[in-house]
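K.L.:
The following block contains the structure, expressed as structure tokens.
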Amino acid sequence: MLMKIVNRMENLSPSVTLAITALARELKAQGKDILSFSAGEPDFDTPQIVKDAAIKAINDGQTKYTAVEGIIATKQAIINKLKKDHGLEYKLDGIVISNGAKHSLFNLFQVLIEKGDEVIIPAPYWVTYPEQVKFSDGIPVFIDTDDSTEFKITAEQLKAAITPKTKILLLNTPSNPTGSIYSKEELLALGEVLKGTDIIVLSDEMYEKIIYNGKKFVAAAEVSSDMYNRTVTINGLSKAVAMTGWRFGYIATPNVALAKSLTKLQGQVTSNVNTMTQYAAIPALEGKADKDIEMMRVEFEKRKNIAVKSFNEIKGLSTIDPDGAFYLFVNIKEVSNDSMKFCAELLEQKGVALVPGLAFGSEGYFRFSFATDLASIQEGIKRIKEFVENK
């Protein structure tokens, strides 16, 4: 029986990062010597205090449905965290918990975008952003950046990109794939451009706890009252607390009507996040896993410093020293203008899996995840060096 798939699926590209990670696993299972630096997943285990909270919830019989938008205790922990970390005030009905930040973003685009609405996305960008925008009948509008500005857009670029159809500015700080962080001054400058408009800021702050070089993370919503009112904060626990498989993301907004719409949509699609995850999230949000988070951050920074130095010593390659996340966005323009070909040949010849910059909207780069052990990082960079020197 022929089943016709709807046309909109033809415009949806698969995630390149997930595809390459799956390919690396498959090759490794076949016995091939593969080093993968493609996944955005910490190599650390979830902190014990988080696991214990989930086990206790199970033993206490907390295994039933919850409210679609999440249990009150977890939502209150989110509110307290945002108040403590950023001085932001939210109400319980302005918090919606979803199955990871990716789910939160999908819900937002479905609820906010009308056909033809434009969403401004700085490039390079996380691979999912434009795909979800297009799936929601929106139009991604890209602002290109490069190493010279640490891959951050300027107020002038933002002003030039705005049209009468602009609905959303999507910010990702710290950034995947570049690790760049917007400072308070840079966020204020962008906010000045938005004053007097109805443009919504979606601020994806998933990597906010993974910060380096003595820098301080500043949330988009905390820089001014105007930015607070127009910003929807997206966050979760996957990266900083090594809870990728738990699927816990959330949004915080002062706009209660928006939160209600998101809840209505989620209620007809997935309903609540699994109950045990919601209870497990509470100690992490309350800061009880902070020692574990800091241990991981310190280790990531050690790896970063070694990787940055090593890549910048390879002739033809260069990378900025990122202030956050756990990626390097390595410039290969001196040795290749085709990142897909570069990465394919590297995987075939040296068994090293990377994500080509083209997947993130920026040709001439690759993304290297240092969320793996130091020995693998050093061996991987050694193989990359050999590959580049033989090109």
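Just so we're on the same page: first chain in the structure tokens is A, next is B, and so on; residues restart at 1 for each chain, and ligands are numbered from 1 in the order they show up.
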Quick one: everything within 9 Å of Lys56 (chain A), counting only C-alpha atoms, minus sequence neighbours fewer than 4 positions away in the same chain. Send it as an NGL selection string.

P.N.:
:A and (51-52 or 60-62 or 276 or 279-280)

K.L.:
Find the spatial neighbours of Thr46 (chain A), counting only C-alpha atoms, within a cut-off of 10 Å - ignore same-chain residues fewer than 3 positions away - and output them as a ChimeraX atom specification.

P.N.:
/A:42-43,49-51,238,240-246,289,292-293

K.L.:
Write out as number ranges by chain all residues of region 260-303 of chain A that DSSP puts in helix (DSSP H, G or I) for this structure's backbone.

P.N.:
A: 260-267, 275-285, 290-303

K.L.:
Can you list, as a PDB file with C-alpha atoms, in the first residue's frame, every protein, DNA or RNA residue that comes within 12 Å of Ala257 (chain A) when you count only C-alpha atoms, leaving out same-chain residues fewer than 5 positions away?

P.N.:
```pdb
ATOM      1  CA  ASP A  93       2.156  30.125  35.199  1.00  0.00           C
ATOM      2  CA  GLY A  94       5.072  31.554  33.184  1.00  0.00           C
ATOM      3  CA  ILE A  95       7.060  28.301  33.353  1.00  0.00           C
ATOM      4  CA  VAL A  96       6.543  25.338  31.005  1.00  0.00           C
ATOM      5  CA  VAL A 111       2.739  28.739  18.704  1.00  0.00           C
ATOM      6  CA  LEU A 112       4.416  31.972  17.547  1.00  0.00           C
ATOM      7  CA  LEU A 262       2.449  26.262  24.895  1.00  0.00           C
ATOM      8  CA  THR A 263       0.758  24.129  27.544  1.00  0.00           C
ATOM      9  CA  LYS A 264      -2.308  23.665  25.355  1.00  0.00           C
TER      10      LYS A 264
END
```

K.L.:
Report as a PyMOL selection string all protein, DNA and RNA residues lying within 8 Å of Ala24 (chain A), evaluated on only C-alpha atoms, omitting residues in the same chain fewer than 5 positions from it.

P.N.:
chain A and resi 34-36+353

K.L.:
Write the residues of the selection above to a file with N, CA, C and O atoms, as a PDB file, in the first residue's frame.

P.N.:
```pdb
ATOM      1  N   ILE A  34      37.608   4.263  15.336  1.00  0.00           N
ATOM      2  CA  ILE A  34      36.930   5.547  15.122  1.00  0.00           C
ATOM      3  C   ILE A  34      37.005   6.401  16.387  1.00  0.00           C
ATOM      4  O   ILE A  34      36.724   5.929  17.492  1.00  0.00           O
ATOM      5  N   LEU A  35      37.378   7.652  16.207  1.00  0.00           N
ATOM      6  CA  LEU A  35      37.313   8.646  17.272  1.00  0.00           C
ATOM      7  C   LEU A  35      36.264   9.677  16.863  1.00  0.00           C
ATOM      8  O   LEU A  35      36.405  10.333  15.825  1.00  0.00           O
ATOM      9  N   SER A  36      35.226   9.796  17.662  1.00  0.00           N
ATOM     10  CA  SER A  36      34.135  10.707  17.308  1.00  0.00           C
ATOM     11  C   SER A  36      34.145  11.954  18.185  1.00  0.00           C
ATOM     12  O   SER A  36      34.160  11.856  19.412  1.00  0.00           O
ATOM     13  N   ALA A 353      35.664  11.508  13.350  1.00  0.00           N
ATOM     14  CA  ALA A 353      34.343  12.030  12.996  1.00  0.00           C
ATOM     15  C   ALA A 353      34.155  13.439  13.545  1.00  0.00           C
ATOM     16  O   ALA A 353      34.249  13.655  14.757  1.00  0.00           O
TER      17      ALA A 353
END
```

K.L.:
Near Pro322 (chain A), within 12 Å and counting only C-alpha atoms, which residues show up once chain neighbours fewer than 4 positions away are dropped, as a ChimeraX atom specification?

P.N.:
/A:147,150-152,173-182,210-215,300-301,303-305,307-308,326-330,368-370

K.L.:
Hey, can you check how far CA of Phe109 (chain A) sits from CA of Gly138 (chain A)?

P.N.:
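About the pair CA of Phe109 (chain A) and CA of Gly138 (chain A): they are 8.3 Å apart.
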
K.L.:
What separation in Å, quoted to one decimal, exists between CA of Ala252 (chain A) and CA of Thr163 (chain A)?

P.N.:
26.6 Å

K.L.:
Need the shell around region 77-90 of chain A: protein/DNA/RNA residues with any atom at most 10 Å away, counting only C-alpha atoms. Skip same-chain ones fewer than 2 positions apart. Format as a count of residues only?

P.N.:
35

K.L.:
Which residue is closest to Glu363 (chain A)? Choose from A:Gln378, A:Ser183, A:Thr145, A:Asn272 and count only C-alpha atoms.

P.N.:
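Selected residue with least distance to Glu363 (chain A): A:Thr145.
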